[in-house]
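S.K.: For reference, this is structure.cif, and it has mmCIF, C-alpha atoms.
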data_my_file
loop_
_atom_site.label_atom_id
_atom_site.label_comp_id
_atom_site.auth_asym_id
_atom_site.auth_seq_id
_atom_site.Cartn_x
_atom_site.Cartn_y
_atom_site.Cartn_z
CA MET S 79 0.00 0.00 0.00
CA ALA S 80 2.78 2.42 0.91
CA ALA S 81 4.49 1.83 -2.45
CA LEU S 82 1.21 2.48 -4.28
CA ILE S 83 0.65 5.75 -2.41
CA THR S 84 4.21 6.84 -3.14
CA GLY S 85 3.73 5.97 -6.81
CA ILE S 86 0.53 8.03 -7.05
CA ALA S 87 2.17 11.01 -5.35
CA SER S 88 5.25 10.71 -7.58
CA HIS S 89 3.07 10.62 -10.71
CA ILE S 90 1.23 13.80 -9.78
CA GLU S 91 4.46 15.46 -8.68
CA ARG S 92 6.01 14.66 -12.06
CA LEU S 93 3.06 16.34 -13.81
CA ILE S 94 3.75 19.43 -11.72
CA VAL S 95 7.51 19.32 -12.27
CA ASP S 96 7.09 18.85 -16.04
CA GLY S 97 4.73 21.82 -16.19
CA GLU S 98 1.67 19.85 -17.26
CA LEU S 99 0.05 21.15 -14.08
CA GLN S 100 0.79 24.82 -13.43
CA PRO S 101 0.52 26.80 -10.15
CA GLY S 102 -3.13 27.63 -9.59
CA ASP S 103 -4.43 24.82 -11.82
CA ARG S 104 -7.31 22.92 -10.32
CA ILE S 105 -6.73 19.21 -9.85
CA PRO S 106 -9.70 17.00 -10.83
CA PRO S 107 -12.00 15.77 -8.04
CA GLU S 108 -10.89 12.64 -6.18
CA ARG S 109 -13.45 10.35 -7.81
CA VAL S 110 -12.43 11.49 -11.30
CA LEU S 111 -8.69 11.33 -10.65
CA ALA S 112 -8.94 7.94 -8.91
CA LYS S 113 -10.79 6.51 -11.92
CA THR S 114 -8.26 8.02 -14.35
CA LEU S 115 -5.30 6.53 -12.46
CA GLY S 116 -7.06 3.24 -11.75
CA VAL S 117 -6.58 3.47 -7.98
CA SER S 118 -8.88 3.58 -4.96
CA ARG S 119 -10.03 6.90 -3.55
CA ALA S 120 -8.53 5.95 -0.20
CA SER S 121 -5.05 5.51 -1.76
CA LEU S 122 -5.43 8.71 -3.75
CA ARG S 123 -6.47 10.60 -0.61
CA GLU S 124 -3.32 9.46 1.21
CA ALA S 125 -1.17 10.52 -1.76
CA MET S 126 -2.83 13.94 -1.77
CA HIS S 127 -2.07 14.32 1.94
CA ASP S 128 1.58 13.60 1.14
CA LEU S 129 1.65 16.22 -1.62
CA GLU S 130 -0.04 18.76 0.65
CA SER S 131 2.49 18.13 3.44
CA ARG S 132 5.25 18.97 0.96
CA ASN S 133 3.50 22.19 -0.14
CA LEU S 134 2.96 20.94 -3.67
CA ILE S 135 -0.82 21.37 -3.59
CA ASP S 136 -3.37 23.49 -1.71
CA ARG S 137 -6.56 21.87 -0.44
CA ARG S 138 -9.18 24.34 0.77
CA GLN S 139 -12.83 23.91 1.62
CA GLY S 140 -15.01 25.24 -1.16
CA ARG S 141 -12.10 25.78 -3.57
CA GLY S 142 -11.08 22.21 -4.20
CA THR S 143 -7.46 21.21 -4.76
CA THR S 144 -5.06 23.38 -6.73
CA VAL S 145 -1.37 23.30 -7.54
CA ALA S 146 0.52 25.42 -5.03
CA GLU S 147 2.83 28.26 -5.89
CA PRO S 148 6.40 26.89 -5.71
CA THR S 149 8.44 27.75 -2.65
CA ALA S 150 11.96 29.14 -2.95
CA GLU S 151 13.33 25.78 -1.72
CA ARG S 152 11.41 23.86 -4.37
CA LEU S 153 12.47 26.24 -7.13
CA SER S 154 16.08 25.75 -6.09
CA LEU S 155 15.68 21.96 -6.15
CA LEU S 156 14.03 22.00 -9.58
CA ASP S 157 16.78 24.21 -10.91
CA GLU S 158 19.40 21.78 -9.62
CA LEU S 159 17.59 18.78 -11.13
CA SER S 160 17.31 20.60 -14.45
CA LYS S 161 21.03 21.31 -14.43
CA GLN S 162 21.79 17.64 -13.75
CA GLU S 163 19.59 16.51 -16.64
CA VAL S 164 21.29 18.96 -19.00
CA GLU S 165 24.74 17.82 -17.85
CA GLN S 166 23.84 14.16 -18.39
CA ARG S 167 22.41 14.89 -21.83
CA ASN S 168 25.53 16.83 -22.76
CA ALA S 169 27.73 13.99 -21.53
CA ALA S 170 25.73 11.44 -23.56
CA GLU S 171 26.11 13.66 -26.63
CA LEU S 172 29.85 13.84 -26.01
CA ARG S 173 30.00 10.04 -25.91
CA ASP S 174 28.19 9.87 -29.25
CA ILE S 175 30.83 12.14 -30.78
CA VAL S 176 33.99 10.80 -29.14
CA GLU S 177 33.60 7.07 -28.54
CA PRO S 178 32.95 5.93 -32.13
CA THR S 179 36.20 7.69 -33.08
CA ILE S 180 37.97 5.96 -30.20
CA ALA S 181 36.73 2.60 -31.47
CA TYR S 182 37.96 3.51 -34.97
CA LEU S 183 41.43 4.44 -33.64
CA ALA S 184 41.57 1.37 -31.39
CA ALA S 185 41.01 -0.89 -34.40
CA THR S 186 43.85 0.93 -36.16
CA ARG S 187 46.39 1.22 -33.34
CA ARG S 188 45.63 -1.58 -30.86
CA ALA S 189 48.48 -3.61 -29.48
CA THR S 190 48.38 -7.23 -28.36
CA THR S 191 48.32 -6.16 -24.70
CA ASN S 192 45.28 -3.94 -25.37
CA ILE S 193 43.37 -6.83 -26.92
CA GLN S 194 44.27 -9.08 -23.99
CA SER S 195 43.01 -6.50 -21.49
CA LEU S 196 39.76 -6.00 -23.38
CA GLU S 197 39.21 -9.75 -23.71
CA GLU S 198 39.81 -10.23 -19.99
CA THR S 199 37.34 -7.49 -19.06
CA LEU S 200 34.72 -8.96 -21.38
CA ARG S 201 35.38 -12.47 -20.05
CA ARG S 202 34.52 -11.31 -16.53
CA SER S 203 31.27 -9.70 -17.73
CA ALA S 204 28.06 -11.73 -17.43
CA ASP S 205 24.34 -11.13 -17.15
CA VAL S 206 24.28 -12.92 -13.78
CA LEU S 207 26.45 -10.25 -12.18
CA SER S 208 24.96 -7.56 -9.97
CA ALA S 209 24.01 -4.29 -11.65
CA ASP S 210 26.85 -2.47 -9.86
CA GLU S 211 29.50 -5.00 -10.89
CA SER S 212 28.22 -5.05 -14.46
CA LEU S 213 28.39 -1.25 -14.58
CA ARG S 214 31.94 -1.29 -13.16
CA LEU S 215 33.08 -3.66 -15.91
CA ASP S 216 31.28 -1.55 -18.50
CA VAL S 217 33.28 1.50 -17.40
CA GLU S 218 36.46 -0.59 -17.40
CA PHE S 219 35.82 -1.82 -20.96
CA HIS S 220 35.37 1.68 -22.36
CA LEU S 221 38.50 2.90 -20.57
CA GLU S 222 40.51 -0.05 -21.90
CA LEU S 223 39.25 0.73 -25.38
CA ALA S 224 40.40 4.34 -25.00
CA HIS S 225 43.83 3.09 -23.94
CA ALA S 226 43.89 0.99 -27.13
CA ALA S 227 43.54 4.21 -29.15
CA HIS S 228 46.90 5.29 -27.68
CA ASN S 229 45.93 8.88 -27.06
CA PRO S 230 46.17 9.83 -23.36
CA LEU S 231 43.90 12.84 -23.83
CA LEU S 232 41.12 10.61 -25.11
CA SER S 233 41.61 8.26 -22.15
CA THR S 234 41.25 11.18 -19.76
CA LEU S 235 38.16 12.42 -21.59
CA VAL S 236 36.49 9.01 -21.42
CA GLY S 237 37.26 8.79 -17.70
CA VAL S 238 35.57 12.13 -17.05
CA THR S 239 32.60 11.32 -19.28
CA ASN S 240 32.11 8.01 -17.48
CA ASP S 241 31.80 9.91 -14.19
CA TRP S 242 29.21 12.27 -15.68
CA THR S 243 27.04 9.48 -17.12
CA LEU S 244 27.37 6.93 -14.31
CA GLU S 245 23.94 7.41 -12.72
CA THR S 246 22.12 7.38 -16.05
CA ARG S 247 24.02 4.31 -17.28
CA ARG S 248 22.92 2.32 -14.24
CA HIS S 249 19.59 1.87 -16.02
CA SER S 250 21.34 0.00 -18.84
CA HIS S 251 22.53 -2.61 -16.32
CA ALA S 252 19.38 -2.86 -14.21
CA THR S 253 18.17 -6.22 -15.56
CA PRO S 254 19.83 -9.44 -16.79
CA ASP S 255 18.54 -8.75 -20.32
CA ALA S 256 20.02 -5.23 -20.25
CA ARG S 257 23.36 -6.61 -19.05
CA ARG S 258 23.32 -9.25 -21.79
CA ARG S 259 22.70 -6.62 -24.46
CA SER S 260 25.53 -4.48 -23.09
CA ILE S 261 27.92 -7.46 -23.28
CA GLU S 262 26.80 -8.22 -26.83
CA GLY S 263 27.51 -4.61 -27.78
CA HIS S 264 30.99 -4.82 -26.30
CA ARG S 265 31.65 -8.10 -28.09
CA GLY S 266 30.71 -6.55 -31.44
CA ILE S 267 33.08 -3.65 -30.85
CA LEU S 268 35.92 -5.90 -29.72
CA ASP S 269 35.53 -8.29 -32.65
CA ALA S 270 35.95 -5.37 -35.06
CA VAL S 271 38.95 -4.06 -33.11
CA VAL S 272 40.63 -7.48 -33.10
CA ALA S 273 39.98 -7.84 -36.82
CA GLY S 274 41.56 -4.45 -37.45
CA GLU S 275 38.42 -3.07 -39.12
CA PRO S 276 38.12 0.62 -38.13
CA ALA S 277 34.86 1.36 -39.96
CA ALA S 278 33.17 -1.71 -38.47
CA ALA S 279 34.44 -0.77 -35.00
CA ARG S 280 33.01 2.74 -35.36
CA LEU S 281 29.64 1.36 -36.48
CA ALA S 282 29.59 -1.20 -33.67
CA MET S 283 30.17 1.56 -31.12
CA GLU S 284 27.44 3.74 -32.63
CA ASN S 285 25.03 0.80 -32.45
CA HIS S 286 26.06 0.07 -28.86
CA LEU S 287 25.52 3.66 -27.70
CA GLY S 288 22.16 3.73 -29.46
CA ASP S 289 21.17 0.54 -27.65
CA VAL S 290 22.26 2.06 -24.32
CA ARG S 291 20.03 5.09 -24.95
CA ARG S 292 17.07 2.80 -25.66
CA LEU S 293 17.72 0.74 -22.53
CA VAL S 294 17.89 3.87 -20.38
CA ALA S 295 14.68 5.25 -21.90
CA ASP S 296 12.84 1.92 -21.56
CA ARG S 297 13.93 1.54 -17.95
CA ALA S 298 12.72 5.05 -17.11
CA ILE S 299 9.30 4.22 -18.62
CA ASP S 300 9.14 0.90 -16.75
CA ALA S 301 10.04 2.61 -13.46
CA GLY S 302 7.24 5.08 -13.97
CA SER S 303 4.77 2.29 -14.68
CA GLU S 304 5.92 0.29 -11.66
CA ALA S 305 5.42 3.31 -9.43
CA LEU S 306 1.75 3.34 -10.39
#
Could you render the structure as structure tokens?
M.R.:
Amino acid sequence: MAALITGIASHIERLIVDGELQPGDRIPPERVLAKTLGVSRASLREAMHDLESRNLIDRRQGRGTTVAEPTAERLSLLDELSKQEVEQRNAAELRDIVEPTIAYLAATRRATTNIQSLEETLRRSADVLSADESLRLDVEFHLELAHAAHNPLLSTLVGVTNDWTLETRRHSHATPDARRRSIEGHRGILDAVVAGEPAAARLAMENHLGDVRRLVADRAIDAGSEAL
């Protein structure tokens, strides 16, 4: 029950945060909103109490329920969240630009020791690992690939970008299927690098990053559905 109430409150809060519900907007009556969300009025009422306690809505006799004017604290929090989203989007865009080139260079310049390191990292990867361990090996693989390009500036750049995208990339390791797809992406990249095929390595990396974006987006949608 508690998880359901939290999910309802989070759903309405997201509508407010995204601007679909503006300050002063009237929220539909409980019976209408409960039917729309497919929840009981009792659960909805508890969720509304939670939102009211956090000053997200105003509930007044005779006026119904409206979206509250944002407090200075809430505006500051929203601004910080917005900045984080922009930073993560910028970092993902940077990966799209830089990492396919790294894969291309790695296929051109890789040494035997680079291939051995990449193979070892991939060997230790498996869909049965925890999400955290799978993510750690993912980061390690991309760093090893940057080392194979033999450009220390690119290695440093990948290290920084990994830090920026870490939280978002957790979604692409959240399930065994997601971890399996990540490993398959790495295998495709490594096969092209080992074969010394730069164009194929670039394409494999582009496909892998595209798959990561889809996994992250799908996981975000699933999380929202689970909350309700």
S.K.: Write out as a VMD selection string the residues lying within 10 Å of Ala278 (chain S), counting all atoms listed in the file and excluding same-chain residues fewer than 4 positions away.
M.R.: chain S and resid 178 181 to 182 185 266 to 267 269 to 271 273 to 274 282 to 284
S.K.: Could you give me, as a list in words, the residues within 8 Å of Ala125 (chain S), counting all atoms listed in the file and dropping anything in the same chain fewer than 6 positions from it?
M.R.: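 Final neighbour list, sorted by chain and number: Ile83, Thr84, Ile86 and Ala87 of chain S.
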S.K.: Could you expand the PyMOL selection byres ((chain S and resi 129) around 12) into the explicit residues it covers here, written as a PyMOL selection string?
M.R.: chain S and resi 83-92+94+122-128+130-137+143-146
S.K.: Restricting the calculation to only C-alpha atoms: of S:Ala189, S:Arg248, S:Glu98, S:Glu147, which residue gets closest to Ala227 (chain S)?
M.R.: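 Comparing S:Ala189, S:Arg248, S:Glu98, S:Glu147 against Ala227 (chain S), the winner is S:Ala189.
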S.K.: Excluding region 254-256 of chain S and residues on its chain fewer than 2 positions from it, collect all residues at most 9 Å away from it, counting all atoms listed in the file, and give them as a ChimeraX atom specification.
M.R.: /S:204-209,249-252,258-261,290,293
S.K.: Out of S:Arg173, S:Arg214, S:Arg141, S:His228, which residue has the shortest atom-to-atom distance to Thr186 (chain S) when counting only C-alpha atoms?
M.R.: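 Ranked by minimum distance to Thr186 (chain S), first place goes to S:His228.
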S.K.: Using CA of Ile105 (chain S) and CA of Gln139 (chain S) as the two end points, give the distance in Å to one decimal.
M.R.: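 Separation of CA of Ile105 (chain S) and CA of Gln139 (chain S): 13.8 Å.
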S.K.: Could you check how far CA of Thr243 (chain S) sits from CA of Leu183 (chain S), in Å to one decimal?
M.R.: 22.5 Å
S.K.: May I ask which of the residues S:Ala169, S:Ala120, S:Ala224, S:Leu200 is the closest one to Glu108 (chain S), counting all atoms listed in the file?
M.R.: S:Ala120
S.K.: Of the candidates S:Leu235, S:Leu287, S:Leu115, S:Val272, which shows the shortest atom-to-atom distance to Arg247 (chain S), using only C-alpha atoms?
M.R.: S:Leu287
S.K.: In terms of the shortest atom-to-atom distance over all atoms listed in the file, which of S:Thr191, S:Gln100, S:Leu213, S:His264 is closest to Ala226 (chain S)?
M.R.: S:Thr191
